[in-house]
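Structure file start.cif (mmCIF, C-alpha atoms (C1' of nucleotides)) follows.
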data_coords
#
loop_
_atom_site.label_atom_id
_atom_site.label_comp_id
_atom_site.auth_asym_id
_atom_site.auth_seq_id
_atom_site.Cartn_x
_atom_site.Cartn_y
_atom_site.Cartn_z
CA MET A 1047 29.14 10.75 -2.18
CA ALA A 1048 27.57 13.94 -3.37
CA ASN A 1049 30.27 16.46 -2.50
CA TYR A 1050 30.35 18.29 -5.82
CA ARG A 1051 27.63 20.59 -7.13
CA VAL A 1052 26.62 18.22 -9.96
CA GLY A 1053 26.28 15.35 -7.53
CA LEU A 1054 23.88 17.26 -5.32
CA GLU A 1055 21.80 18.29 -8.34
CA THR A 1056 21.58 14.70 -9.51
CA ARG A 1057 20.59 13.64 -6.01
CA GLU A 1058 17.78 16.16 -6.09
CA ARG A 1059 16.58 14.99 -9.51
CA ILE A 1060 16.45 11.42 -8.22
CA LEU A 1061 14.46 12.48 -5.14
CA ASP A 1062 12.02 14.44 -7.33
CA ALA A 1063 11.47 11.48 -9.63
CA THR A 1064 10.99 9.12 -6.70
CA ARG A 1065 8.48 11.47 -5.10
CA THR A 1066 6.47 11.75 -8.32
CA LEU A 1067 6.44 8.02 -9.00
CA LEU A 1068 5.59 7.20 -5.39
CA ALA A 1069 2.56 9.49 -5.51
CA GLU A 1070 1.41 8.29 -8.92
CA ASP A 1071 1.80 4.56 -8.62
CA GLY A 1072 2.55 3.81 -5.00
CA ILE A 1073 5.40 1.86 -3.50
CA GLU A 1074 4.55 -1.33 -5.32
CA GLY A 1075 4.75 0.42 -8.68
CA ILE A 1076 8.20 1.87 -8.21
CA THR A 1077 11.26 0.38 -9.92
CA LEU A 1078 14.85 1.50 -10.22
CA LYS A 1079 14.56 1.70 -13.98
CA ARG A 1080 11.60 4.06 -13.77
CA ILE A 1081 13.35 6.26 -11.23
CA THR A 1082 16.59 6.53 -13.20
CA THR A 1083 14.77 7.03 -16.51
CA MET A 1084 12.58 9.81 -15.16
CA ALA A 1085 15.55 11.44 -13.43
CA ASP A 1086 17.61 11.01 -16.62
CA VAL A 1087 20.43 9.33 -14.76
CA GLY A 1088 22.45 6.19 -15.28
CA VAL A 1089 21.96 3.29 -12.91
CA GLY A 1090 25.53 3.58 -11.72
CA SER A 1091 25.06 7.22 -10.79
CA PHE A 1092 22.11 6.24 -8.67
CA TYR A 1093 24.20 3.80 -6.64
CA ASN A 1094 26.88 6.42 -6.30
CA LEU A 1095 24.40 8.64 -4.47
CA PHE A 1096 22.13 6.18 -2.64
CA ASP A 1097 22.86 2.89 -0.97
CA SER A 1098 19.80 1.15 -2.35
CA LYS A 1099 16.36 1.68 -3.83
CA GLU A 1100 14.93 1.32 -0.35
CA ALA A 1101 17.12 4.17 0.87
CA VAL A 1102 15.73 6.74 -1.54
CA VAL A 1103 12.16 5.62 -0.85
CA PHE A 1104 12.74 6.04 2.88
CA GLU A 1105 14.20 9.46 2.35
CA VAL A 1106 11.07 10.55 0.48
CA VAL A 1107 8.87 8.94 3.11
CA ARG A 1108 10.71 10.81 5.83
CA GLN A 1109 10.17 14.09 4.01
CA ALA A 1110 6.48 13.31 3.55
CA LEU A 1111 6.01 12.62 7.25
CA ASP A 1112 7.80 15.85 8.13
CA ALA A 1113 5.76 17.84 5.63
CA VAL A 1114 2.48 17.04 7.37
CA ASP A 1115 3.58 19.12 10.34
CA PRO A 1116 3.33 22.82 9.54
CA HIS A 1117 6.40 24.89 10.48
CA PRO A 1118 7.61 22.28 12.97
CA GLY A 1119 9.58 23.47 15.93
CA SER A 1120 7.97 26.87 15.93
CA SER A 1121 6.85 28.76 18.97
CA GLU A 1122 4.09 26.23 19.70
CA GLY A 1123 1.34 28.80 19.75
CA ASP A 1124 -0.98 27.26 17.18
CA THR A 1125 -4.71 27.38 17.51
CA LEU A 1126 -6.66 24.19 16.89
CA GLU A 1127 -8.07 25.97 13.85
CA ASP A 1128 -4.55 26.71 12.62
CA LEU A 1129 -3.55 23.07 12.86
CA ILE A 1130 -6.67 21.88 11.09
CA ASP A 1131 -6.30 24.50 8.38
CA ALA A 1132 -2.69 23.50 7.87
CA PHE A 1133 -3.63 19.85 7.52
CA VAL A 1134 -6.44 20.58 5.07
CA THR A 1135 -4.14 22.77 2.99
CA PHE A 1136 -1.51 20.05 3.06
CA MET A 1137 -4.04 17.49 1.87
CA THR A 1138 -5.81 19.50 -0.79
CA GLY A 1139 -2.77 21.47 -1.95
CA SER A 1140 0.30 19.30 -2.24
CA SER A 1141 -1.51 16.16 -3.32
CA THR A 1142 1.77 14.53 -4.39
CA ILE A 1143 3.10 14.31 -0.87
CA ALA A 1144 -0.37 13.91 0.61
CA ARG A 1145 -0.90 10.74 -1.39
CA ILE A 1146 2.38 9.36 -0.14
CA TYR A 1147 1.48 10.29 3.42
CA LEU A 1148 -1.84 8.47 3.27
CA GLN A 1149 -0.35 5.44 1.59
CA LEU A 1150 1.99 5.20 4.54
CA ALA A 1151 -0.93 4.82 6.88
CA GLY A 1152 -2.00 1.69 4.99
CA LEU A 1153 1.51 0.42 4.37
CA GLY A 1154 2.55 1.02 7.94
CA LEU A 1155 0.14 -1.72 8.85
CA THR A 1156 2.41 -4.31 7.29
CA ASP A 1157 5.93 -2.90 7.13
CA GLU A 1158 7.40 -2.67 10.62
CA ALA A 1159 10.06 -0.10 9.79
CA ILE A 1160 7.48 2.23 8.27
CA ALA A 1161 5.00 1.53 11.05
CA ALA A 1162 7.54 2.69 13.62
CA ARG A 1163 8.13 5.96 11.77
CA VAL A 1164 4.43 6.56 11.27
CA LEU A 1165 3.69 5.91 14.92
CA ARG A 1166 6.43 8.27 16.05
CA SER A 1167 5.16 11.03 13.77
CA HIS A 1168 1.63 10.31 14.99
CA ARG A 1169 2.58 10.70 18.65
CA ARG A 1170 4.30 14.02 17.96
CA ARG A 1171 1.18 15.33 16.26
CA VAL A 1172 -1.04 14.19 19.11
CA GLN A 1173 1.10 16.33 21.40
CA ARG A 1174 0.65 19.42 19.26
CA PHE A 1175 -3.06 18.90 18.75
CA SER A 1176 -3.83 18.22 22.38
CA ALA A 1177 -1.83 21.27 23.46
CA ALA A 1178 -3.95 23.31 21.04
CA CYS A 1179 -7.09 21.73 22.46
CA ARG A 1180 -6.16 22.83 25.99
CA ARG A 1181 -5.40 26.32 24.73
CA ASP A 1182 -8.82 26.30 23.10
CA ASP A 1183 -10.57 25.09 26.21
CA PRO A 1184 -8.43 25.40 29.35
CA SER A 1185 -10.97 23.49 31.40
CA LEU A 1186 -9.98 20.23 29.67
CA THR A 1187 -7.94 17.72 31.62
CA PRO A 1188 -4.75 16.53 29.89
CA ASP A 1189 -6.33 13.13 29.25
CA ALA A 1190 -9.52 14.60 27.84
CA ALA A 1191 -7.49 16.89 25.59
CA ARG A 1192 -5.46 13.96 24.30
CA GLU A 1193 -8.56 11.94 23.53
CA ARG A 1194 -10.14 14.88 21.77
CA ALA A 1195 -6.95 15.44 19.80
CA GLU A 1196 -6.82 11.83 18.69
CA THR A 1197 -10.44 11.86 17.57
CA ILE A 1198 -9.96 15.05 15.57
CA MET A 1199 -6.79 13.76 13.97
CA ALA A 1200 -8.46 10.50 13.07
CA ALA A 1201 -11.35 12.35 11.50
CA LEU A 1202 -8.94 14.54 9.53
CA THR A 1203 -7.06 11.51 8.24
CA GLY A 1204 -10.30 9.84 7.20
CA LEU A 1205 -11.52 13.00 5.51
CA GLY A 1206 -8.20 13.29 3.67
CA LEU A 1207 -8.56 9.73 2.42
CA THR A 1208 -12.08 10.39 1.22
CA ALA A 1209 -10.95 13.59 -0.49
CA LEU A 1210 -8.24 11.81 -2.45
CA ILE A 1211 -10.46 8.90 -3.41
CA ASP A 1212 -13.68 10.77 -4.10
CA PRO A 1213 -13.12 13.64 -6.53
CA GLY A 1214 -15.34 16.58 -5.72
CA PHE A 1215 -15.38 15.88 -2.00
CA ASP A 1216 -15.12 19.19 -0.17
CA MET A 1217 -12.65 18.41 2.57
CA ARG A 1218 -12.39 21.91 3.95
CA ALA A 1219 -16.12 22.21 4.50
CA HIS A 1220 -16.21 18.91 6.37
CA ALA A 1221 -13.12 19.76 8.39
CA ASP A 1222 -14.65 23.07 9.42
CA ARG A 1223 -17.59 21.19 10.85
CA LEU A 1224 -15.25 19.19 13.09
CA VAL A 1225 -14.78 22.13 15.41
CA GLY A 1226 -18.25 23.49 15.02
CA ARG A 1227 -17.55 26.25 12.52
CA GLY A 1228 -19.99 27.03 9.76
CA GLY A 1229 -22.80 27.88 12.12
CA GLN A 1230 -24.93 24.95 11.03
CA PRO A 1231 -26.36 22.41 13.42
CA GLY A 1232 -25.74 18.71 13.05
CA ASN A 1233 -22.08 18.55 14.03
CA ILE A 1234 -20.54 15.32 15.13
CA GLY A 1235 -20.94 14.99 18.83
CA SER A 1236 -24.10 16.93 19.13
CA PRO A 1237 -26.54 14.87 17.03
CA SER A 1238 -29.62 15.83 18.94
CA ALA A 1239 -28.48 18.98 20.67
CA PRO A 1240 -31.53 20.79 21.95
CA PRO A 1241 -32.19 23.77 19.67
CA VAL A 1242 -32.29 27.14 21.44
CA MET B 953 -12.58 -25.26 -13.20
CA ALA B 954 -13.54 -26.30 -9.72
CA ASN B 955 -16.39 -28.70 -10.43
CA TYR B 956 -15.30 -31.50 -8.14
CA ARG B 957 -15.37 -31.41 -4.36
CA VAL B 958 -11.57 -31.48 -4.01
CA GLY B 959 -11.26 -28.57 -6.41
CA LEU B 960 -13.59 -26.40 -4.38
CA GLU B 961 -11.71 -27.28 -1.19
CA THR B 962 -8.39 -26.38 -2.80
CA ARG B 963 -9.87 -23.11 -4.02
CA GLU B 964 -10.89 -22.31 -0.47
CA ARG B 965 -7.45 -23.13 0.90
CA ILE B 966 -5.89 -20.78 -1.66
CA LEU B 967 -8.30 -17.99 -0.72
CA ASP B 968 -7.54 -18.51 2.98
CA ALA B 969 -3.79 -18.35 2.39
CA THR B 970 -4.12 -15.24 0.23
CA ARG B 971 -6.25 -13.55 2.87
CA THR B 972 -3.73 -14.30 5.61
CA LEU B 973 -0.71 -13.18 3.60
CA LEU B 974 -2.48 -10.05 2.42
CA ALA B 975 -3.25 -9.04 5.98
CA GLU B 976 0.21 -9.88 7.28
CA ASP B 977 2.45 -8.44 4.63
CA GLY B 978 0.25 -6.39 2.33
CA ILE B 979 -0.16 -6.56 -1.40
CA GLU B 980 3.46 -5.81 -2.11
CA GLY B 981 4.60 -8.73 -0.01
CA ILE B 982 2.47 -11.35 -1.69
CA THR B 983 3.96 -13.85 -4.14
CA LEU B 984 2.58 -16.89 -5.90
CA LYS B 985 5.15 -19.12 -4.23
CA ARG B 986 4.09 -17.97 -0.77
CA ILE B 987 0.43 -18.46 -1.58
CA THR B 988 0.86 -21.94 -2.99
CA THR B 989 3.27 -22.99 -0.23
CA MET B 990 0.96 -21.83 2.55
CA ALA B 991 -2.06 -23.40 0.82
CA ASP B 992 -0.01 -26.58 0.27
CA VAL B 993 -0.85 -26.64 -3.42
CA GLY B 994 1.16 -27.03 -6.60
CA VAL B 995 1.57 -24.06 -8.90
CA GLY B 996 -0.29 -25.90 -11.66
CA SER B 997 -3.26 -26.48 -9.40
CA PHE B 998 -3.40 -22.78 -8.69
CA TYR B 999 -3.65 -21.92 -12.37
CA ASN B 1000 -6.26 -24.58 -12.79
CA LEU B 1001 -8.48 -22.68 -10.35
CA PHE B 1002 -7.56 -19.02 -10.89
CA ASP B 1003 -6.66 -17.10 -14.03
CA SER B 1004 -3.81 -15.20 -12.42
CA LYS B 1005 -2.34 -14.04 -9.15
CA GLU B 1006 -4.20 -10.78 -9.61
CA ALA B 1007 -7.49 -12.66 -9.84
CA VAL B 1008 -7.22 -14.27 -6.42
CA VAL B 1009 -6.13 -10.99 -4.83
CA PHE B 1010 -9.14 -9.24 -6.32
CA GLU B 1011 -11.43 -11.96 -5.05
CA VAL B 1012 -10.14 -11.47 -1.51
CA VAL B 1013 -10.36 -7.70 -1.88
CA ARG B 1014 -13.97 -8.02 -3.00
CA GLN B 1015 -14.76 -10.14 0.04
CA ALA B 1016 -13.05 -7.62 2.33
CA LEU B 1017 -15.07 -4.74 0.93
CA ASP B 1018 -18.28 -6.71 1.34
CA ALA B 1019 -17.40 -7.70 4.89
CA VAL B 1020 -17.29 -4.11 6.10
CA ASP B 1021 -21.03 -3.84 5.54
CA PRO B 1022 -22.89 -5.63 8.32
CA HIS B 1023 -25.65 -7.98 7.12
CA PRO B 1024 -25.94 -6.20 3.76
CA GLY B 1025 -29.29 -6.21 2.03
CA SER B 1026 -31.20 -6.47 5.27
CA SER B 1027 -34.33 -4.58 6.13
CA GLU B 1028 -32.49 -1.25 6.26
CA GLY B 1029 -33.60 -0.47 9.77
CA ASP B 1030 -30.20 0.11 11.37
CA THR B 1031 -29.61 2.78 13.95
CA LEU B 1032 -26.58 5.01 13.58
CA GLU B 1033 -25.34 3.35 16.74
CA ASP B 1034 -25.80 -0.07 15.15
CA LEU B 1035 -23.75 0.89 12.14
CA ILE B 1036 -20.96 2.38 14.22
CA ASP B 1037 -20.92 -0.62 16.53
CA ALA B 1038 -20.73 -2.94 13.56
CA PHE B 1039 -17.82 -1.04 12.10
CA VAL B 1040 -15.94 -0.96 15.39
CA THR B 1041 -16.49 -4.67 15.86
CA PHE B 1042 -15.34 -5.30 12.31
CA MET B 1043 -12.17 -3.29 12.92
CA THR B 1044 -11.26 -4.57 16.37
CA GLY B 1045 -12.50 -8.11 15.85
CA SER B 1046 -11.58 -9.48 12.45
CA SER B 1047 -8.26 -7.71 12.17
CA THR B 1048 -7.20 -9.87 9.25
CA ILE B 1049 -9.84 -8.49 6.94
CA ALA B 1050 -9.77 -5.09 8.61
CA ARG B 1051 -6.12 -4.68 7.75
CA ILE B 1052 -6.85 -5.54 4.14
CA TYR B 1053 -9.74 -3.10 4.07
CA LEU B 1054 -7.60 -0.23 5.34
CA GLN B 1055 -4.75 -1.06 3.02
CA LEU B 1056 -7.22 -0.70 0.19
CA ALA B 1057 -7.89 2.87 1.15
CA GLY B 1058 -4.22 3.67 0.65
CA LEU B 1059 -3.77 1.48 -2.38
CA GLY B 1060 -6.91 2.73 -4.01
CA LEU B 1061 -5.15 6.03 -4.31
CA THR B 1062 -2.83 4.61 -6.95
CA ASP B 1063 -4.50 1.57 -8.50
CA GLU B 1064 -7.43 2.64 -10.63
CA ALA B 1065 -9.20 -0.70 -10.63
CA ILE B 1066 -9.10 -0.86 -6.84
CA ALA B 1067 -9.99 2.81 -6.50
CA ALA B 1068 -13.18 2.23 -8.48
CA ARG B 1069 -14.22 -0.65 -6.24
CA VAL B 1070 -13.41 1.27 -3.08
CA LEU B 1071 -15.35 4.31 -4.28
CA ARG B 1072 -18.37 2.18 -5.14
CA SER B 1073 -18.33 0.53 -1.73
CA HIS B 1074 -17.87 3.93 -0.12
CA ARG B 1075 -20.92 5.40 -1.86
CA ARG B 1076 -23.07 2.47 -0.79
CA ARG B 1077 -22.01 2.98 2.82
CA VAL B 1078 -22.74 6.70 2.67
CA GLN B 1079 -26.28 5.80 1.65
CA ARG B 1080 -26.77 3.53 4.62
CA PHE B 1081 -25.18 5.91 7.11
CA SER B 1082 -27.08 8.95 5.94
CA ALA B 1083 -30.37 7.03 6.03
CA ALA B 1084 -29.55 6.13 9.63
CA CYS B 1085 -28.73 9.76 10.37
CA ARG B 1086 -32.15 10.87 9.14
CA ARG B 1087 -33.81 8.15 11.18
CA ASP B 1088 -31.85 9.45 14.15
CA ASP B 1089 -32.79 13.06 13.54
CA PRO B 1090 -35.72 13.43 11.10
CA SER B 1091 -35.25 17.19 10.98
CA LEU B 1092 -32.08 16.78 8.90
CA THR B 1093 -32.25 17.63 5.22
CA PRO B 1094 -30.98 14.90 2.87
CA ASP B 1095 -27.88 16.96 2.13
CA ALA B 1096 -27.13 17.64 5.77
CA ALA B 1097 -27.57 13.95 6.54
CA ARG B 1098 -25.19 12.97 3.78
CA GLU B 1099 -22.55 15.40 5.00
CA ARG B 1100 -22.93 14.18 8.55
CA ALA B 1101 -22.68 10.58 7.36
CA GLU B 1102 -19.48 11.30 5.45
CA THR B 1103 -17.88 13.01 8.41
CA ILE B 1104 -18.74 10.15 10.74
CA MET B 1105 -17.50 7.55 8.28
CA ALA B 1106 -14.26 9.47 7.77
CA ALA B 1107 -13.73 9.68 11.50
CA LEU B 1108 -14.40 5.94 11.84
CA THR B 1109 -11.90 5.12 9.10
CA GLY B 1110 -9.28 7.33 10.73
CA LEU B 1111 -9.94 5.81 14.13
CA GLY B 1112 -9.62 2.34 12.62
CA LEU B 1113 -6.26 3.26 11.13
CA THR B 1114 -5.04 4.61 14.44
CA ALA B 1115 -6.26 1.51 16.23
CA LEU B 1116 -4.33 -0.81 13.91
CA ILE B 1117 -1.16 1.28 14.03
CA ASP B 1118 -1.19 2.22 17.70
CA PRO B 1119 -1.57 -0.82 19.94
CA GLY B 1120 -3.58 0.00 23.01
CA PHE B 1121 -5.70 2.60 21.30
CA ASP B 1122 -9.27 2.20 22.49
CA MET B 1123 -11.25 2.56 19.30
CA ARG B 1124 -14.64 1.80 20.79
CA ALA B 1125 -14.34 4.52 23.40
CA HIS B 1126 -13.42 7.08 20.78
CA ALA B 1127 -16.12 5.90 18.40
CA ASP B 1128 -18.73 6.21 21.14
CA ARG B 1129 -17.78 9.85 21.55
CA LEU B 1130 -18.56 10.45 17.87
CA VAL B 1131 -22.25 10.36 18.54
CA GLY B 1132 -22.10 11.90 21.95
CA ARG B 1133 -22.30 8.76 24.04
CA GLY B 1134 -20.26 8.42 27.18
CA GLY B 1135 -21.81 11.40 28.88
CA GLN B 1136 -18.55 13.34 28.95
CA PRO B 1137 -18.19 16.79 27.51
CA GLY B 1138 -15.63 17.66 24.90
CA ASN B 1139 -17.09 15.86 21.92
CA ILE B 1140 -16.05 16.81 18.45
CA GLY B 1141 -18.37 19.46 17.18
CA SER B 1142 -19.13 20.98 20.51
CA PRO B 1143 -15.72 22.15 21.67
CA SER B 1144 -16.93 24.84 23.95
CA ALA B 1145 -20.43 23.65 24.68
CA PRO B 1146 -21.72 25.56 27.68
CA PRO B 1147 -21.68 23.26 30.72
CA VAL B 1148 -24.99 22.74 32.55
"C1'" DA C 871 47.70 23.50 -15.49
"C1'" DT C 872 47.68 19.65 -12.45
"C1'" DC C 873 45.63 15.90 -10.40
"C1'" DA C 874 43.12 13.54 -6.88
"C1'" DA C 875 38.50 13.13 -5.82
"C1'" DC C 876 34.13 12.83 -7.50
"C1'" DT C 877 30.69 11.58 -11.02
"C1'" DT C 878 28.75 9.07 -15.02
"C1'" DT C 879 27.63 5.19 -17.78
"C1'" DG C 880 25.59 0.78 -19.27
"C1'" DA C 881 26.71 -3.99 -19.84
"C1'" DA C 882 26.56 -8.05 -17.05
"C1'" DC C 883 24.91 -11.04 -13.19
"C1'" DG C 884 22.17 -13.83 -10.21
"C1'" DG C 885 17.94 -14.37 -8.32
"C1'" DA C 886 12.91 -14.10 -8.00
"C1'" DC C 887 8.89 -13.52 -10.25
"C1'" DG C 888 4.36 -15.03 -12.85
"C1'" DT C 889 3.00 -18.19 -16.10
"C1'" DT C 890 2.86 -22.39 -19.27
"C1'" DC C 891 2.79 -27.09 -20.15
"C1'" DC C 892 1.91 -31.89 -19.69
"C1'" DA C 893 2.28 -36.47 -17.72
"C1'" DA C 894 0.45 -38.70 -13.74
"C1'" DT C 895 -3.20 -39.09 -10.62
"C1'" DT C 896 -7.76 -38.69 -8.63
"C1'" DC C 897 -12.68 -38.00 -8.84
"C1'" DC C 898 -17.40 -39.38 -9.61
"C1'" DG C 899 -21.64 -40.16 -12.76
"C1'" DC C 900 -22.76 -43.99 -15.15
"C1'" DG D 641 -15.32 -50.63 -12.10
"C1'" DC D 642 -15.14 -47.99 -16.50
"C1'" DG D 643 -13.95 -43.76 -18.63
"C1'" DG D 644 -14.00 -39.01 -19.50
"C1'" DA D 645 -13.30 -34.97 -17.00
"C1'" DA D 646 -11.18 -32.61 -13.31
"C1'" DT D 647 -7.20 -32.10 -10.55
"C1'" DT D 648 -2.34 -32.34 -9.26
"C1'" DG D 649 2.62 -31.22 -9.18
"C1'" DG D 650 6.73 -29.33 -10.60
"C1'" DA D 651 10.21 -28.66 -14.20
"C1'" DA D 652 11.02 -25.19 -17.58
"C1'" DC D 653 10.72 -20.52 -19.70
"C1'" DG D 654 11.08 -15.70 -20.45
"C1'" DT D 655 11.03 -11.37 -18.11
"C1'" DC D 656 12.16 -8.01 -15.00
"C1'" DC D 657 14.22 -6.83 -10.77
"C1'" DG D 658 18.10 -4.63 -7.79
"C1'" DT D 659 22.82 -4.44 -7.67
"C1'" DT D 660 27.91 -4.54 -9.03
"C1'" DC D 661 31.80 -3.10 -11.50
"C1'" DA D 662 35.40 -0.90 -14.05
"C1'" DA D 663 36.52 2.27 -17.43
"C1'" DA D 664 35.86 7.01 -19.07
"C1'" DG D 665 34.72 11.72 -18.14
"C1'" DT D 666 34.19 15.91 -15.10
"C1'" DT D 667 34.98 18.99 -11.21
"C1'" DG D 668 37.34 22.33 -8.58
"C1'" DA D 669 40.94 23.37 -5.02
"C1'" DT D 670 45.67 24.27 -5.52
#
Go ahead and express the file in the form of structure tokens.
Amino acid sequence: MANYRVGLETRERILDATRTLLAEDGIEGITLKRITTMADVGVGSFYNLFDSKEAVVFEVVRQALDAVDPHPGSSEGDTLEDLIDAFVTFMTGSSTIARIYLQLAGLGLTDEAIAARVLRSHRRRVQRFSAACRRDDPSLTPDAARERAETIMAALTGLGLTALIDPGFDMRAHADRLVGRGGQPGNIGSPSAPPV
Amino acid sequence: MANYRVGLETRERILDATRTLLAEDGIEGITLKRITTMADVGVGSFYNLFDSKEAVVFEVVRQALDAVDPHPGSSEGDTLEDLIDAFVTFMTGSSTIARIYLQLAGLGLTDEAIAARVLRSHRRRVQRFSAACRRDDPSLTPDAARERAETIMAALTGLGLTALIDPGFDMRAHADRLVGRGGQPGNIGSPSAPPV
DNA sequence: ATCAACTTTGAACGGACGTTCCAATTCCGC
DNA sequence: GCGGAATTGGAACGTCCGTTCAAAGTTGAT
């Protein structure tokens, strides 16, 4: 399957259509007819290139989970700020894939296969974030860094959800406050920090 | 519809079954047959009590959104700690409804009707949280309180998601750190707070 | 130019879905 | 305990779903 040029192009058109439909209407709204119509492809061609409808959905899901990690496999020198920036850009920029990514969080709760993938991706990200935390503040113990990483990631996910649901929500501004940027008082974690 | 005692009981059994199935398998996994089988009710009886499958799902969704607000309509004197505690208890305790609530966040991204409900519920909660923030720290401006409330709520939602996906994740411990409890350094917002 | 491998197409199929309908039964105020 | 209203159950219906299949067309190495 998909050894000729035309086959690969068709495969790409199908993936594009699936990605668009998944972001617009979610997994429950996706049908084979809608995919093949939008991709301008016969049903038979679809089954020549993918084993099932589930297969193409999983492929898109896999890509979405990968996309949340900026330049994965790089030299591992990211600042915590870099990681947060990358996530905010991912969320506010490529909203197509971002919507899919956040749907997965909810869907992973019920679908075991998806839950496993989400959890694996989550654990990888915790590693990167906690490493960045220790680079940021070398005095942190590994455990403390991991906890801090998980809290920051959770907050980012929640902020991303809010941003996609509430139009006009300024995710970047809120994300900046997570690590104390912006110079204003009132950050999470220091509610009644003594002034001066 | 539902004027006799038996009718009301049947209605309740259908709602229970829908709630359970929704939490276990999500909205995409729910079918009329499964609902009626689990509720031990004929299909005709179902349509005697509800207009459609969608109607009963919406009813459960409405209840789930209401349930996230602790004792709503009370005297409005909650501490920020109270609100956070209530949310953590809601998430870690009643996982059936909690799962539905978090699915809604993801589903609301695609279904307009659900998105509207979720957004409305969200706005109400922001009000309560930001009022608590100002009670906590009267020096906050209304805007600053609202921003702080939204960040805390986002972090709570994200933590809840992590808790449901990652077994063994200690949500309460992480939530406590959101407002600086626990006495340990390294809270979000004060990454490099000077020790001593 | 040849030809095997690859690709395309849409009709056809079986199953699952939500909903309708109505005869039989049960409920409960009188 | 009578009688109208509410409730019950499940067969039947039309629709839409994912998938299969075989025949026709296209590709590209030789």
Calculated over all atoms listed in the file, which of the candidates A:Arg1166, A:Arg1051, A:Arg1181, A:Arg1192 has the smallest distance to chain D?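 The closest residue to chain D is A:Arg1051.
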What are the residues of chain B lining chain C at 12 Å or less? Count all atoms listed in the file, and put the answer as a ChimeraX atom specification. /B:954-959,982-986,995-996,998-1000,1002-1006
Using all atoms listed in the file and a cut-off of 9 Å, which residues of chain D sit close to chain A? Please list them as a PyMOL selection string. chain D and resi 657-660+667-668
Would you mind listing, as JSON, numbers by chain, all residues of chain A that have at least one atom within 8 Å of chain B, where all atoms listed in the file are what counts? {"A": [1069, 1070, 1071, 1072, 1074, 1145, 1148, 1149, 1150, 1151, 1152, 1153, 1154, 1155, 1156, 1157, 1161, 1165, 1183, 1186, 1190, 1193, 1194, 1197, 1198, 1199, 1200, 1201, 1202, 1203, 1204, 1205, 1207, 1208, 1210, 1211, 1212, 1220, 1223, 1224, 1225, 1226, 1232, 1233, 1234, 1235, 1236, 1237, 1238]}
Find the distance between CA of Leu1061 in chain A and CA of Thr1135 in chain A and write it in Å to one decimal.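 Interatomic distance, CA of Leu1061 in chain A to CA of Thr1135 in chain A: 22.8 Å.
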Separation of CA of Ala1050 in chain B from CA of Arg1124 in chain B in Å: 14.8 Å
For this file, the PyMOL selection byres ((chain D and resi 650) around 10) selects which residues, as a list in words?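 So the PyMOL selection byres ((chain D and resi 650) around 10), applied here, picks out Gly994, Val995 and Gly996 of chain B; DT648, DG649, DA651 and DA652 of chain D.
Every residue that the PyMOL selection byres ((chain B and resi 1020) around 10) selects in this file is listed here: Gln1015, Ala1016, Leu1017, Asp1018, Ala1019, Asp1021, Pro1022, His1023, Pro1024, Ala1038, Phe1039, Val1040, Thr1041, Phe1042, Met1043, Ile1049, Ala1050, Tyr1053, Ser1073 and Arg1077 of chain B.
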Interatomic distance, CA of Val1106 in chain A to CA of Arg1163 in chain A (Å, one decimal):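 Going from CA of Val1106 in chain A over to CA of Arg1163 in chain A covers 12.5 Å.
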Subset file: range 656-662 of chain D, N, CA, C and O atoms (P, O5', C5', C4', C3', O3' and C1' of nucleotides), as a short mmCIF file (atom, residue, chain, number, x, y, z; two decimals), in the first residue's frame:
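Result file follows (part-v3.cif):
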data_model
loop_
_atom_site.label_atom_id
_atom_site.label_comp_id
_atom_site.auth_asym_id
_atom_site.auth_seq_id
_atom_site.Cartn_x
_atom_site.Cartn_y
_atom_site.Cartn_z
P DC D 656 -29.59 9.17 6.59
"O5'" DC D 656 -28.26 8.67 7.27
"C5'" DC D 656 -28.16 8.64 8.71
"C4'" DC D 656 -27.06 7.69 9.10
"C3'" DC D 656 -25.80 7.79 8.23
"O3'" DC D 656 -24.66 7.88 9.08
"C1'" DC D 656 -26.50 5.55 8.44
P DC D 657 -23.27 8.34 8.58
"O5'" DC D 657 -22.31 7.21 9.14
"C5'" DC D 657 -22.49 6.74 10.48
"C4'" DC D 657 -22.02 5.31 10.58
"C3'" DC D 657 -20.79 4.99 9.78
"O3'" DC D 657 -19.64 5.27 10.56
"C1'" DC D 657 -22.40 3.23 9.63
P DG D 658 -18.25 5.38 9.87
"O5'" DG D 658 -17.78 3.87 9.75
"C5'" DG D 658 -17.70 3.07 10.91
"C4'" DG D 658 -17.35 1.64 10.53
"C3'" DG D 658 -16.05 1.50 9.75
"O3'" DG D 658 -15.37 0.33 10.21
"C1'" DG D 658 -17.83 0.69 8.44
P DT D 659 -13.94 -0.04 9.61
"O5'" DT D 659 -14.31 -1.07 8.45
"C5'" DT D 659 -15.10 -2.21 8.78
"C4'" DT D 659 -15.47 -2.97 7.53
"C3'" DT D 659 -14.31 -3.27 6.58
"O3'" DT D 659 -14.08 -4.67 6.54
"C1'" DT D 659 -16.27 -2.59 5.41
P DT D 660 -12.94 -5.28 5.62
"O5'" DT D 660 -13.76 -5.77 4.35
"C5'" DT D 660 -14.89 -6.61 4.54
"C4'" DT D 660 -15.48 -6.98 3.19
"C3'" DT D 660 -14.48 -7.52 2.17
"O3'" DT D 660 -15.01 -8.72 1.62
"C1'" DT D 660 -15.74 -5.75 1.22
P DC D 661 -14.06 -9.74 0.82
"O5'" DC D 661 -14.40 -9.39 -0.70
"C5'" DC D 661 -15.77 -9.27 -1.09
"C4'" DC D 661 -15.86 -8.67 -2.47
"C3'" DC D 661 -14.73 -9.07 -3.42
"O3'" DC D 661 -15.28 -9.71 -4.55
"C1'" DC D 661 -15.11 -6.72 -3.47
P DA D 662 -14.41 -10.81 -5.35
"O5'" DA D 662 -14.68 -10.32 -6.84
"C5'" DA D 662 -15.91 -9.71 -7.18
"C4'" DA D 662 -15.69 -8.66 -8.24
"C3'" DA D 662 -14.63 -9.00 -9.28
"O3'" DA D 662 -15.03 -8.48 -10.52
"C1'" DA D 662 -14.08 -7.00 -8.27
#
